[in-house]
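Report on one structure; see the data block that follows.
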Amino acid sequence: MTTIDYQDRIPNNVDLAANRTLQRALEQWQPAFLRWWQELGPTDFQASDVYLRTAISVDAKGWAHYDYVRMPDYRWGIFLAEPERDRTIGFGDDMGQPVWQQIPGEYRSTLRRLIVTQGDTEPASVEQQRLLGHSAPSLYDLRNLFQVNVEEGRHLWAMVYLLHAYFGRDGREEAEALLQRHSGAADNPRILSTFNEPINDWLSFFMFTFFTDRDGKFQLKSFAESSFDPLARTCRFMLTEEAHHMFVGDTGISRIVRRTLEVMAERNSDDPATIRNAGAIDLPTIQRYLNFWFSSSLDLFGADSSSNAAAYFANGLKGRPDEKKYADHVERETTYDLEVPADGGVRIERVPLRNAMNEFVRLSYAEDCEKGLARWNRLIAATGHPFRFALPSVRFRRTVGSWAGTATDPNGTPIPASEYDAQIAGWLPSANDRVFILSLMQGVFEPGKMAGWIAPPDKGIKDRPTDYEYVRLN
Ligand SMILES: [Fe+2]
Ligand SMILES: [Fe+2]
């Protein structure tokens, strides 16, 4: 285990000092990154001291260092999980061959596109969330927002390292372009549409970190299986950070639900207007935000039948999350029955499993999401109230794949377009919902104080109390 000086300009465990050309290239990209952070990262708060964790090694027992740091002084490092000895390709046509330390020429442009697409999501989410600090419900939440933001910045570094180290001039150009596309920009937006949706309120932030960061987890797990070993190792380490992002979303929504249930008990009512008048968020509104972010995140997995996905699997570029769970890693003959729309109904289309990889992973993602909903529903059930959150069908409101443009209700039942248009306002956040949610978004910046629409957390960060001064506003 090498020790890393985390005060280095670019802390790393890839022996950057031994490769002067690469080090210089990254040192040249660094000021552009810092400029981007100042211009499109969190608005204000750049002089505040934030109680942040910084990755300093990949040792499971002590990978993170916690201390107050100003965000522009955060050390965005490059860390790859320890190499697995004699690792071999775990799936696809080259199963059992040694993994690659360099990229085979024939996969160069495909891998570059995959890495750029993943890399693009990282700064995009920071841009989406840049205004949220002002309306943080507590210092604890403010700190968590900034923790997520700096780590998404580090994930950008992780992808930029690969681009610089393995893709030569093309890679350097792509690294520049990652700082030039901007979330929601009309002329040069981020690549994937979910990452161009505005996140102006904390209910959306928690939904995003629950649903969209979870898509990130599944993408990273797929890449963690890759035959291109540096990509696999980078993604394995990114997953340790990603877990906290999903924790923020999961517990954020739990705390909102807990607060709503308290207000429902106090007022002895579940009438949305009554709950809203008391300054909490009624459960049906939470469901509409959930419908929005879940359905948007589903599109990130790609088309349900995809020759690209089949090629990524065959060529060993991208596997299934936790590939070891499955018995058959070659899958040439295995088929998969896709449900596709047909004349106002549903029909089965049998395709090779390899072509259905996106759908296969999308459904295991939906299963993972269900676990969160089950936890929130247990909170409601414990109060005796009959309301339950439900995930919409994976067919609902899709813009990618065979269900794109097909009108269905949230259960996935095809309905006439006119009926969909008449009902959609009740299934997704309405303009009125958004105005109400924004009216609640007033920053609370006193240690231990909490906005009225969310319950306090069960515990603080790194054994600190919940009323700890997680951000010192300077
Ligand atoms: Fe990330
Ligand atoms: Fe994340």
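Every chain in the structure tokens has a letter given in the order shown (A, B, ...), and although residue numbers restart at 1 in each chain, ligands are simply numbered from 1 in the order shown.
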Enumerate as a compact mmCIF listing (two decimals) with C-alpha atoms, in the first residue's frame the residues within 7 Å of ligand 2, counting only C-alpha atoms and all ligand atoms.
# COMPACT_ATOMS: atom_id res chain seq x y z
CA VAL A 148 -21.81 15.22 -3.41
CA GLU A 152 -18.89 14.48 -8.75
CA THR A 209 -29.60 11.50 -5.69
CA ASP A 213 -27.17 8.62 -8.78
CA GLY A 216 -24.80 6.02 -11.89
CA GLU A 242 -21.39 6.95 -4.90
CA HIS A 245 -24.85 10.10 -2.72
Residues up to 10 Å from ligand 1, counting only C-alpha atoms and all ligand atoms: could you list those as a count of residues only?
33
Residue set, region 251-372 of chain A restricted to alpha helix (DSSP H), as a PyMOL selection string
chain A and resi 251-267+272-277+283-298+307-314+357-372
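Here CA of Ser183 (chain A) and CA of Leu40 (chain A) stand 9.6 Å from one another.
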List as a PDB file with C-alpha atoms, in the first residue's frame the protein and nucleic acid residues near Asp271 (chain A), meaning an atom at most 12 Å away when only C-alpha atoms are counted, but skip any in the same chain fewer than 4 places from it.
ATOM      1  CA  THR A 260     -45.213  14.860   6.629  1.00  0.00           C
ATOM      2  CA  LEU A 261     -46.495  12.003   8.795  1.00  0.00           C
ATOM      3  CA  VAL A 263     -47.963  16.930  10.458  1.00  0.00           C
ATOM      4  CA  MET A 264     -50.680  14.519   9.302  1.00  0.00           C
ATOM      5  CA  ALA A 265     -50.941  13.261  12.890  1.00  0.00           C
ATOM      6  CA  ARG A 267     -53.657  17.979  12.054  1.00  0.00           C
ATOM      7  CA  ILE A 275     -50.671  19.529   5.007  1.00  0.00           C
ATOM      8  CA  ARG A 276     -49.312  22.281   2.761  1.00  0.00           C
ATOM      9  CA  ASN A 277     -50.804  24.997   4.952  1.00  0.00           C
ATOM     10  CA  ALA A 278     -48.872  23.477   7.829  1.00  0.00           C
ATOM     11  CA  ALA A 280     -45.081  20.144   4.963  1.00  0.00           C
ATOM     12  CA  ILE A 281     -45.176  18.245   1.664  1.00  0.00           C
ATOM     13  CA  ASP A 282     -48.260  16.068   1.115  1.00  0.00           C
ATOM     14  CA  LEU A 283     -47.537  12.461   0.100  1.00  0.00           C
ATOM     15  CA  PRO A 284     -49.209  12.649  -3.378  1.00  0.00           C
ATOM     16  CA  THR A 285     -46.877  15.509  -4.318  1.00  0.00           C
TER      17      THR A 285
END
The distance between CA of Asp73 (chain A) and CA of Leu163 (chain A) is 23.9 Å
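Of the residues listed (A:Ser226, A:Asn291, A:Ser430, A:Thr43), A:Ser226 shows the shortest atom-to-atom separation from Gly316 (chain A); distances use only C-alpha atoms.
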Q.
At a cut-off of 8 Å, using only C-alpha atoms, what residues contact Arg362 (chain A)? Leave out same-chain residues fewer than 4 positions from it and give the result as an NGL selection string.
A. :A and (298 or 301 or 358 or 366)
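Shortest separation to Gln7 (chain A) among A:Gly77, A:Gly426, A:Gly90, A:Gly171 occurs at residue A:Gly77, atoms counted being only C-alpha atoms.
Among the candidates A:Glu262, A:Asp368, A:Ile89, A:Val444, the one nearest to His385 (chain A) when counting only C-alpha atoms is A:Glu262.
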Item to complete: Fewer than 2 positions away in the same chain doesn't count, so skip those; otherwise give me all residues within 9 Å of Asp250 (chain A), counting only C-alpha atoms, as a ChimeraX atom specification.
Response: /A:206-207,209-210,245-248,252-255,372,376
Now that the selection is made, can you save its residues with N, CA and C atoms as a short mmCIF file (atom, residue, chain, number, x, y, z; two decimals), in the first residue's frame?
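Result file follows (out.cif):
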data_model
loop_
_atom_site.label_atom_id
_atom_site.label_comp_id
_atom_site.auth_asym_id
_atom_site.auth_seq_id
_atom_site.Cartn_x
_atom_site.Cartn_y
_atom_site.Cartn_z
N PHE A 206 -33.16 15.39 -3.67
CA PHE A 206 -33.17 14.07 -3.03
C PHE A 206 -33.65 12.99 -4.00
N MET A 207 -34.63 13.34 -4.86
CA MET A 207 -35.09 12.37 -5.88
C MET A 207 -33.94 12.06 -6.85
N THR A 209 -30.66 12.31 -6.28
CA THR A 209 -29.60 11.50 -5.69
C THR A 209 -30.08 10.07 -5.41
N PHE A 210 -31.39 9.91 -5.18
CA PHE A 210 -31.88 8.54 -5.02
C PHE A 210 -31.96 7.81 -6.37
N HIS A 245 -23.91 9.28 -1.97
CA HIS A 245 -24.85 10.10 -2.72
C HIS A 245 -26.24 9.50 -2.64
N MET A 246 -26.32 8.18 -2.79
CA MET A 246 -27.62 7.52 -2.70
C MET A 246 -28.17 7.55 -1.29
N PHE A 247 -27.27 7.48 -0.31
CA PHE A 247 -27.67 7.61 1.10
C PHE A 247 -28.33 8.97 1.33
N VAL A 248 -27.75 10.01 0.75
CA VAL A 248 -28.31 11.36 0.89
C VAL A 248 -29.74 11.39 0.35
N GLY A 252 -32.88 11.54 2.77
CA GLY A 252 -33.57 12.82 2.56
C GLY A 252 -35.07 12.60 2.37
N ILE A 253 -35.41 11.65 1.51
CA ILE A 253 -36.84 11.38 1.27
C ILE A 253 -37.48 10.79 2.53
N SER A 254 -36.78 9.90 3.20
CA SER A 254 -37.31 9.34 4.47
C SER A 254 -37.64 10.46 5.45
N ARG A 255 -36.75 11.43 5.55
CA ARG A 255 -36.94 12.52 6.52
C ARG A 255 -38.12 13.41 6.12
N GLY A 372 -35.98 1.19 -1.61
CA GLY A 372 -36.17 2.49 -0.98
C GLY A 372 -37.64 2.75 -0.72
N TRP A 376 -39.78 3.63 2.82
CA TRP A 376 -40.64 4.79 3.04
C TRP A 376 -42.07 4.33 3.34
#
